[in-house]
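Shown here: run05.tsv, TSV, C-alpha atoms.
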```
chain	number	residue	atom	x	y	z
A	339	MET	CA	0.00	0.00	0.00
A	340	ARG	CA	1.16	3.47	-0.91
A	341	LEU	CA	1.78	5.75	2.01
A	342	LEU	CA	-0.86	8.41	2.30
A	343	ARG	CA	0.75	11.81	2.14
A	344	ARG	CA	-0.82	14.50	4.22
A	345	ARG	CA	-1.88	16.46	1.17
A	346	ASP	CA	-3.43	13.57	-0.71
A	347	LEU	CA	-7.18	13.59	-1.08
A	348	VAL	CA	-9.29	10.75	0.23
A	349	CYS	CA	-12.43	9.64	-1.63
A	350	GLN	CA	-14.80	11.24	0.85
A	351	GLN	CA	-13.16	14.61	0.17
A	352	ALA	CA	-12.94	14.06	-3.57
A	353	VAL	CA	-16.71	13.58	-4.01
A	354	GLU	CA	-17.26	16.99	-2.43
A	355	LEU	CA	-15.04	18.65	-5.02
A	356	VAL	CA	-16.77	17.29	-8.11
A	357	THR	CA	-18.98	20.33	-8.76
A	358	ASP	CA	-16.15	22.79	-8.15
A	359	TYR	CA	-14.05	20.73	-10.54
A	360	LEU	CA	-16.73	20.68	-13.25
A	361	GLU	CA	-17.42	24.39	-12.75
A	362	GLY	CA	-13.74	25.15	-13.14
A	363	THR	CA	-13.50	26.91	-9.80
A	364	LEU	CA	-10.74	24.84	-8.20
A	365	SER	CA	-7.34	26.44	-7.85
A	366	ARG	CA	-4.68	24.97	-10.07
A	367	LEU	CA	-3.16	23.11	-7.15
A	368	ALA	CA	-6.50	21.75	-5.96
A	369	ARG	CA	-7.31	20.70	-9.48
A	370	ARG	CA	-4.05	18.82	-9.77
A	371	ARG	CA	-4.65	17.04	-6.47
A	372	PHE	CA	-8.14	16.10	-7.58
A	373	GLU	CA	-6.95	14.74	-10.90
A	374	ALA	CA	-4.11	12.88	-9.20
A	375	HIS	CA	-6.65	11.23	-6.93
A	376	LEU	CA	-8.85	10.23	-9.87
A	377	ALA	CA	-5.90	8.76	-11.71
A	378	GLY	CA	-5.44	6.25	-8.90
A	379	CYS	CA	-9.07	5.71	-7.95
A	380	PRO	CA	-11.48	3.89	-10.29
A	381	HIS	CA	-14.40	4.40	-7.88
A	382	CYS	CA	-14.07	8.18	-7.83
A	383	THR	CA	-13.55	8.15	-11.61
A	384	GLU	CA	-16.84	6.27	-11.90
A	385	TYR	CA	-18.42	8.72	-9.48
A	386	LEU	CA	-17.36	11.69	-11.61
A	387	ALA	CA	-18.72	9.99	-14.74
A	388	GLN	CA	-22.03	9.46	-12.92
A	389	MET	CA	-22.24	13.12	-11.94
A	390	ARG	CA	-21.63	14.05	-15.59
A	391	GLU	CA	-24.34	11.61	-16.65
A	392	THR	CA	-26.74	13.07	-14.08
A	393	ILE	CA	-26.20	16.55	-15.54
A	394	SER	CA	-26.51	15.25	-19.07
A	395	VAL	CA	-29.82	13.47	-18.41
A	396	SER	CA	-31.25	16.62	-16.77
A	397	GLY	CA	-30.32	18.56	-19.90
A	398	ARG	CA	-32.21	16.15	-22.11
A	399	LEU	CA	-35.59	16.48	-20.42
A	400	ALA	CA	-37.84	18.14	-22.97
A	401	PRO	CA	-40.81	20.08	-21.59
A	402	GLU	CA	-44.01	18.08	-21.53
A	403	ASP	CA	-46.57	18.99	-24.18
A	404	LEU	CA	-49.28	21.54	-23.54
A	405	THR	CA	-52.73	20.04	-23.36
A	406	PRO	CA	-55.07	21.22	-26.14
A	407	GLN	CA	-57.14	22.94	-23.48
A	408	MET	CA	-54.16	24.91	-22.21
A	409	ARG	CA	-53.20	25.81	-25.71
A	410	ASP	CA	-56.69	27.24	-26.29
A	411	GLU	CA	-56.45	29.23	-23.09
A	412	PHE	CA	-53.19	30.79	-24.21
A	413	VAL	CA	-54.60	31.61	-27.62
A	414	ASP	CA	-57.45	33.40	-25.79
A	415	LEU	CA	-55.01	35.21	-23.55
A	416	PHE	CA	-53.05	36.40	-26.55
A	417	ARG	CA	-56.12	37.56	-28.44
A	418	ARG	CA	-57.49	39.40	-25.43
A	419	TRP	CA	-54.19	41.15	-25.00
A	420	GLN	CA	-54.09	42.05	-28.68
A	421	SER	CA	-57.58	43.49	-28.64
A	422	GLU	CA	-56.64	45.63	-25.63
A	423	GLN	CA	-53.82	47.09	-27.67
A	424	GLN	CA	-56.13	48.54	-30.27
B	974	MET	CA	-57.61	29.26	-40.82
B	975	SER	CA	-57.30	30.77	-44.29
B	976	ARG	CA	-54.64	33.34	-44.85
B	977	PRO	CA	-55.45	36.69	-46.46
B	978	TRP	CA	-54.72	37.12	-50.12
B	979	PRO	CA	-52.07	37.20	-51.50
B	980	TRP	CA	-51.26	34.15	-49.45
B	981	PHE	CA	-48.36	33.06	-51.64
B	982	ARG	CA	-46.39	36.17	-50.68
B	983	GLY	CA	-46.59	35.39	-47.03
B	984	ARG	CA	-43.88	33.62	-45.16
B	985	PRO	CA	-43.94	29.87	-45.49
B	986	VAL	CA	-46.32	28.21	-43.10
B	987	ARG	CA	-44.39	27.05	-40.09
B	988	PRO	CA	-45.21	24.42	-37.58
B	989	ILE	CA	-46.24	25.82	-34.20
B	990	LEU	CA	-42.81	25.18	-32.79
B	991	SER	CA	-39.80	24.08	-34.61
B	992	VAL	CA	-36.53	23.36	-32.89
B	993	MET	CA	-35.00	25.59	-35.53
B	994	ASP	CA	-36.71	28.70	-34.24
B	995	SER	CA	-34.55	30.46	-31.73
B	996	ASP	CA	-36.11	32.46	-28.93
B	997	GLU	CA	-34.89	35.61	-30.67
B	998	GLU	CA	-36.70	34.67	-33.83
B	999	LEU	CA	-39.90	33.90	-31.95
B	1000	VAL	CA	-39.66	37.27	-30.19
B	1001	LEU	CA	-39.30	39.06	-33.53
B	1002	ARG	CA	-42.36	37.28	-34.89
B	1003	LEU	CA	-44.27	37.94	-31.68
B	1004	ARG	CA	-43.54	41.66	-31.97
B	1005	SER	CA	-45.23	41.65	-35.34
B	1006	GLY	CA	-48.27	40.06	-33.72
B	1007	ASP	CA	-47.68	36.42	-34.63
B	1008	GLU	CA	-49.92	34.33	-32.41
B	1009	ARG	CA	-48.10	31.12	-33.25
B	1010	ALA	CA	-44.82	32.60	-32.07
B	1011	PHE	CA	-46.48	33.29	-28.71
B	1012	ILE	CA	-47.78	29.74	-28.47
B	1013	GLY	CA	-44.32	28.52	-29.44
B	1014	LEU	CA	-42.77	30.34	-26.49
B	1015	VAL	CA	-45.52	29.06	-24.21
B	1016	GLU	CA	-44.76	25.51	-25.30
B	1017	ARG	CA	-41.13	26.05	-24.52
B	1018	TYR	CA	-41.40	27.82	-21.17
B	1019	GLN	CA	-44.81	27.28	-19.57
B	1020	GLU	CA	-43.88	24.03	-17.91
B	1021	PRO	CA	-40.36	25.02	-16.81
B	1022	MET	CA	-41.74	28.23	-15.31
B	1023	LEU	CA	-44.50	26.32	-13.52
B	1024	ARG	CA	-41.92	24.06	-11.95
B	1025	LEU	CA	-39.83	27.02	-10.93
B	1026	ALA	CA	-42.76	29.02	-9.54
B	1027	ALA	CA	-44.03	26.00	-7.65
B	1028	SER	CA	-40.93	26.08	-5.51
B	1029	PHE	CA	-41.80	29.57	-4.20
B	1030	VAL	CA	-45.54	29.37	-3.63
B	1031	PRO	CA	-47.68	26.99	-1.60
B	1032	SER	CA	-49.96	25.58	-4.31
B	1033	ARG	CA	-50.08	24.60	-7.93
B	1034	ALA	CA	-53.01	26.99	-8.51
B	1035	ILE	CA	-50.97	29.94	-7.28
B	1036	ALA	CA	-48.00	28.85	-9.38
B	1037	GLU	CA	-50.28	28.87	-12.43
B	1038	GLU	CA	-51.38	32.41	-11.66
B	1039	VAL	CA	-47.79	33.51	-11.25
B	1040	VAL	CA	-46.86	32.06	-14.61
B	1041	GLN	CA	-49.87	33.57	-16.33
B	1042	ASP	CA	-48.90	36.97	-14.91
B	1043	THR	CA	-45.41	36.36	-16.26
B	1044	TRP	CA	-46.79	35.82	-19.77
B	1045	LEU	CA	-48.82	39.01	-19.53
B	1046	ALA	CA	-45.72	40.83	-18.31
B	1047	LEU	CA	-43.86	39.46	-21.32
B	1048	LEU	CA	-46.51	40.73	-23.73
B	1049	ARG	CA	-46.63	44.13	-22.04
B	1050	GLY	CA	-42.88	44.44	-21.77
B	1051	LEU	CA	-42.06	43.16	-25.22
B	1052	ALA	CA	-41.43	46.61	-26.61
B	1053	GLY	CA	-38.93	47.34	-23.86
B	1054	PHE	CA	-37.07	44.05	-24.14
B	1055	GLU	CA	-33.72	44.97	-25.60
B	1056	GLY	CA	-32.20	41.57	-25.78
B	1057	ARG	CA	-29.36	42.47	-23.44
B	1058	SER	CA	-30.13	39.34	-21.47
B	1059	SER	CA	-31.46	36.22	-23.11
B	1060	LEU	CA	-35.23	35.99	-23.33
B	1061	LYS	CA	-34.99	32.94	-21.13
B	1062	SER	CA	-33.33	34.77	-18.22
B	1063	TRP	CA	-35.64	37.71	-18.66
B	1064	LEU	CA	-38.69	35.47	-18.49
B	1065	PHE	CA	-37.43	33.42	-15.55
B	1066	ALA	CA	-36.46	36.58	-13.67
B	1067	ILE	CA	-39.98	38.00	-14.09
B	1068	CYS	CA	-41.40	34.67	-12.99
B	1069	VAL	CA	-39.26	34.54	-9.84
B	1070	ASN	CA	-40.09	38.16	-8.98
B	1071	GLN	CA	-43.80	37.54	-9.43
B	1072	ALA	CA	-43.54	34.39	-7.35
B	1073	ARG	CA	-41.67	36.20	-4.58
B	1074	LYS	CA	-44.30	38.95	-4.54
B	1075	THR	CA	-47.07	36.39	-4.38
B	1076	GLY	CA	-45.22	33.84	-2.34
B	1077	THR	CA	-46.71	33.43	1.04
B	1078	ARG	CA	-43.92	31.07	1.86
B	1079	GLU	CA	-41.16	32.87	3.74
B	1080	HIS	CA	-38.25	32.85	1.47
B	1081	ARG	CA	-35.91	30.76	3.44
B	1082	SER	CA	-32.43	31.91	4.11
B	1083	VAL	CA	-29.98	29.77	2.21
B	1084	PRO	CA	-29.22	26.80	4.43
B	1085	VAL	CA	-25.72	26.58	3.11
B	1086	ALA	CA	-24.30	26.40	6.61
B	1087	ASP	CA	-25.93	23.03	7.32
B	1088	PRO	CA	-23.55	20.38	6.16
B	1089	GLU	CA	-25.05	17.95	3.68
B	1090	PRO	CA	-22.57	15.37	2.45
B	1091	ALA	CA	-22.69	14.42	-1.21
B	1092	VAL	CA	-22.51	10.75	-0.28
B	1093	ASP	CA	-23.76	8.99	2.86
B	1094	PRO	CA	-20.74	8.94	5.21
B	1095	SER	CA	-21.44	5.30	6.07
B	1096	ARG	CA	-20.26	4.37	2.58
B	1097	PHE	CA	-16.68	5.31	3.46
B	1098	ASP	CA	-14.26	3.49	5.72
B	1099	GLY	CA	-12.44	5.05	8.65
B	1100	SER	CA	-9.75	6.57	6.45
B	1101	GLY	CA	-12.26	8.16	4.01
B	1102	GLY	CA	-11.93	5.59	1.21
B	1103	TRP	CA	-14.92	3.92	-0.41
B	1104	ALA	CA	-16.19	0.95	1.59
B	1105	ASP	CA	-19.36	0.68	-0.50
B	1106	PRO	CA	-18.28	2.11	-3.88
B	1107	PRO	CA	-20.69	3.54	-6.48
B	1108	GLU	CA	-22.49	0.90	-8.50
B	1109	HIS	CA	-22.53	1.15	-12.27
B	1110	TRP	CA	-25.74	2.49	-13.77
B	1111	ILE	CA	-24.85	4.79	-16.68
B	1112	GLU	CA	-25.49	2.29	-19.48
B	1113	ALA	CA	-28.71	1.08	-17.88
B	1114	ALA	CA	-29.91	4.66	-17.52
B	1115	GLU	CA	-29.12	5.44	-21.15
B	1116	GLY	CA	-31.03	2.36	-22.25
B	1117	ARG	CA	-34.12	3.26	-20.28
B	1118	LEU	CA	-33.93	6.88	-21.33
B	1119	GLU	CA	-33.94	5.80	-24.95
B	1120	ALA	CA	-36.95	3.65	-24.29
B	1121	GLY	CA	-38.66	6.75	-22.91
B	1122	LYS	CA	-39.04	5.19	-19.52
B	1123	LEU	CA	-36.80	7.33	-17.39
B	1124	ALA	CA	-37.49	11.00	-18.12
B	1125	HIS	CA	-40.68	11.12	-16.12
B	1126	ARG	CA	-39.04	9.66	-13.05
B	1127	VAL	CA	-36.14	12.08	-13.25
B	1128	ARG	CA	-38.62	14.97	-13.41
B	1129	VAL	CA	-40.27	13.71	-10.24
B	1130	TRP	CA	-36.88	13.43	-8.53
B	1131	ILE	CA	-36.04	17.00	-9.45
B	1132	ASP	CA	-39.43	18.21	-8.22
B	1133	GLU	CA	-38.78	16.52	-4.90
B	1134	LEU	CA	-35.42	18.17	-4.27
B	1135	PRO	CA	-35.37	20.77	-1.49
B	1136	ALA	CA	-36.71	24.01	-2.98
B	1137	ARG	CA	-33.46	25.96	-3.24
B	1138	GLN	CA	-31.58	23.04	-4.77
B	1139	ARG	CA	-34.44	22.41	-7.17
B	1140	GLU	CA	-34.44	26.00	-8.40
B	1141	VAL	CA	-30.74	25.90	-9.17
B	1142	VAL	CA	-30.81	22.46	-10.81
B	1143	LEU	CA	-33.80	23.42	-12.95
B	1144	LEU	CA	-32.15	26.54	-14.27
B	1145	ARG	CA	-28.59	25.28	-14.59
B	1146	ASP	CA	-28.97	21.68	-15.67
B	1147	VAL	CA	-32.44	21.37	-17.16
B	1148	GLU	CA	-32.56	24.79	-18.82
B	1149	GLY	CA	-28.85	25.02	-19.44
B	1150	MET	CA	-28.42	28.57	-18.16
B	1151	SER	CA	-25.02	29.91	-17.13
B	1152	SER	CA	-24.00	30.33	-13.54
B	1153	ASP	CA	-24.09	34.14	-13.92
B	1154	GLU	CA	-27.61	34.08	-15.30
B	1155	VAL	CA	-28.83	31.79	-12.52
B	1156	CYS	CA	-27.25	33.94	-9.80
B	1157	THR	CA	-29.05	36.98	-11.23
B	1158	VAL	CA	-32.41	35.28	-11.64
B	1159	LEU	CA	-32.37	33.72	-8.17
B	1160	ALA	CA	-30.47	36.54	-6.43
B	1161	LEU	CA	-27.82	34.15	-5.16
B	1162	SER	CA	-24.12	34.61	-4.62
B	1163	GLU	CA	-21.92	32.57	-6.91
B	1164	GLY	CA	-20.68	30.48	-3.98
B	1165	ASN	CA	-24.14	29.66	-2.65
B	1166	GLN	CA	-25.33	28.82	-6.11
B	1167	ARG	CA	-22.51	26.32	-6.44
B	1168	VAL	CA	-23.21	24.72	-3.08
B	1169	LEU	CA	-26.90	24.29	-3.94
B	1170	LEU	CA	-26.04	22.91	-7.35
B	1171	HIS	CA	-23.60	20.45	-5.81
B	1172	ARG	CA	-26.15	19.19	-3.30
B	1173	GLY	CA	-28.93	18.93	-5.85
B	1174	ARG	CA	-26.80	17.03	-8.34
B	1175	SER	CA	-25.38	14.77	-5.64
B	1176	ARG	CA	-28.88	13.83	-4.47
B	1177	LEU	CA	-29.96	13.11	-8.03
B	1178	ARG	CA	-26.93	10.92	-8.65
B	1179	GLN	CA	-27.82	8.92	-5.56
B	1180	LEU	CA	-31.39	8.52	-6.83
B	1181	PHE	CA	-30.11	7.12	-10.12
B	1182	GLU	CA	-27.95	4.65	-8.23
B	1183	ASP	CA	-30.87	3.58	-6.01
B	1184	GLU	CA	-33.15	3.22	-9.00
B	1185	PHE	CA	-30.87	0.85	-10.83
B	1186	ARG	CA	-29.88	-1.10	-7.75
B	1187	GLU	CA	-33.56	-1.99	-7.27
B	1188	VAL	CA	-33.89	-3.17	-10.84
B	1189	ARG	CA	-31.26	-5.83	-10.50
```

Please rewrite the model in this file as structure tokens.
Amino acid sequence: MRLLRRRDLVCQQAVELVTDYLEGTLSRLARRRFEAHLAGCPHCTEYLAQMRETISVSGRLAPEDLTPQMRDEFVDLFRRWQSEQQ
Amino acid sequence: MSRPWPWFRGRPVRPILSVMDSDEELVLRLRSGDERAFIGLVERYQEPMLRLAASFVPSRAIAEEVVQDTWLALLRGLAGFEGRSSLKSWLFAICVNQARKTGTREHRSVPVADPEPAVDPSRFDGSGGWADPPEHWIEAAEGRLEAGKLAHRVRVWIDELPARQREVVLLRDVEGMSSDEVCTVLALSEGNQRVLLHRGRSRLRQLFEDEFREVR
């Protein structure tokens, strides 16, 4: 087993840095420590991939369709507004 | 509906909403009184705004009123919209302001001080290494997403996040807005925004893991 240096990250700390890492707000040093940890830790590498996947799935949620009734209501709203303009 | 003569000189008939139409284009058409452009924007933003408003007010009915007021504010303010911010941030900012005005719920101070670990501490050993490492689920999630069976659940998960986390995740990750835009719309500091985003995303990741652990 490799000796744990005082400045090495442990997994429990690494998972708290994922968002800062993805947002690009880590200092250069902190970023290097984080990447060094990932390089030796398949679990945290998987964890980071899962956080990326989580973000990616959220970004692929299309809004649900309007019901025909709601659509009609908005058409009414628009026409009422237009007639007030004249 | 028939179009007034000479119909062939008009612009080509467009579908109500095409992915090709940018917000800017819809705004231009709306300014010239195009009803379909309005409906196009409603299709794009009604539901996201409802979800956002719902996190500030105590009932769905009130959230609907807030969003309707937002649409009226858009129509009234259209002439003054200069496009300095994106339409999306402008609309969401109006929505949040309306919701705050209406919101009977005390707007909670940001509970950033309460620690909320990204991962249950019991999953680490005494030295902070994984004792119960993350299980694989990415491929399974992609498969179910493709089959159209996951999106609805993920929406429910997001709706069940604590309100402040939900607001940030909705705007950043679902709507794809920048951190600057989200800080402005929600009146958050950059640091608090990041903490809320981190907690929201971490909770969602855990929900994915739980979901696919059950399946096996």

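The smallest atom-to-atom distance between Trp1044 in chain B and any of A:Leu415, A:Leu347, A:Leu404, A:Val356, using only C-alpha atoms, is found for A:Leu415.
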
Mind giving me the straight-line distance from CA of Val1141 in chain B to CA of Asp1093 in chain B in Å, one decimal?
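Those two atoms sit 21.9 Å apart.
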
Considering all atoms listed in the file, give me a table of residues in chain B that are at most 7 Å from chain A, with the closest atom pair and distance in Å for each, as a Markdown table.
```
| residue | atom | partner | partner_atom | distance |
| --- | --- | --- | --- | --- |
| B:Glu1008 | CA | A:Phe416 | CA | 7.0 |
| B:Ile1012 | CA | A:Phe412 | CA | 7.0 |
| B:Glu1016 | CA | A:Leu404 | CA | 6.3 |
| B:Arg1017 | CA | A:Pro401 | CA | 6.7 |
| B:Glu1020 | CA | A:Pro401 | CA | 6.2 |
| B:Pro1021 | CA | A:Pro401 | CA | 6.9 |
| B:Ala1091 | CA | A:Glu354 | CA | 6.1 |
| B:Phe1097 | CA | A:Gln350 | CA | 6.7 |
| B:Gly1101 | CA | A:Gln350 | CA | 5.1 |
| B:Gly1102 | CA | A:Cys349 | CA | 5.0 |
| B:Trp1103 | CA | A:Cys349 | CA | 6.4 |
| B:Pro1106 | CA | A:His381 | CA | 6.0 |
| B:Pro1107 | CA | A:Tyr385 | CA | 6.4 |
| B:Ile1111 | CA | A:Gln388 | CA | 6.6 |
| B:Ala1124 | CA | A:Leu399 | CA | 6.2 |
| B:Asp1146 | CA | A:Gly397 | CA | 5.4 |
| B:Val1147 | CA | A:Gly397 | CA | 4.5 |
| B:Glu1148 | CA | A:Gly397 | CA | 6.7 |
| B:Gly1149 | CA | A:Gly397 | CA | 6.6 |
| B:His1171 | CA | A:Thr357 | CA | 5.5 |
| B:Arg1174 | CA | A:Thr392 | CA | 7.0 |
| B:Leu1177 | CA | A:Thr392 | CA | 6.9 |
| B:Arg1178 | CA | A:Thr392 | CA | 5.8 |
```

Tell me which of B:Gly1164, B:Val1000, B:Leu1143, B:Ala1066 sits closest to Val1129 in chain B, counting all atoms listed in the file.
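Closest to Val1129 in chain B of all the choices is B:Leu1143.
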
A straight line from CA of Gln1138 in chain B to CA of Ile1067 in chain B spans 19.5 Å

Restricting the calculation to all atoms listed in the file, which member of B:Leu1144, B:Leu1014, B:Ser1100, B:Leu1001 is positioned closest to Thr1157 in chain B?
B:Leu1144

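Those DNA, RNA and protein residues that approach the point (-43.8, 43.5, -22.4) to within 12 Å, considering all atoms listed in the file, are Trp419 and Gln423 of chain A; Val1000, Leu1003, Arg1004, Asp1042, Thr1043, Trp1044, Leu1045, Ala1046, Leu1047, Leu1048, Arg1049, Gly1050, Leu1051, Ala1052, Gly1053, Phe1054, Glu1055, Leu1060, Trp1063, Leu1064 and Ile1067 of chain B.
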
Can you sort out the box for range 1132-1145 of chain B, edges along x, y and z, all listed atoms in, 3 Å on every side, with centre and edge lengths in Å to one decimal, as lines of an AutoDock Vina configuration file?
```
center_x = -34.0
center_y = 21.5
center_z = -8.0
size_x = 16.8
size_y = 16.0
size_z = 19.1
```

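The smallest atom-to-atom distance between Val1015 in chain B and any of B:Lys1061, B:Arg1096, B:Arg1186, B:Arg1128, using all atoms listed in the file, is found for B:Lys1061.
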
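Distance annotation: of A:Leu360, A:Ser421, A:Asp346, A:Asp414, the residue with the minimal separation from Gly378 in chain A is A:Asp346; atom set is only C-alpha atoms.
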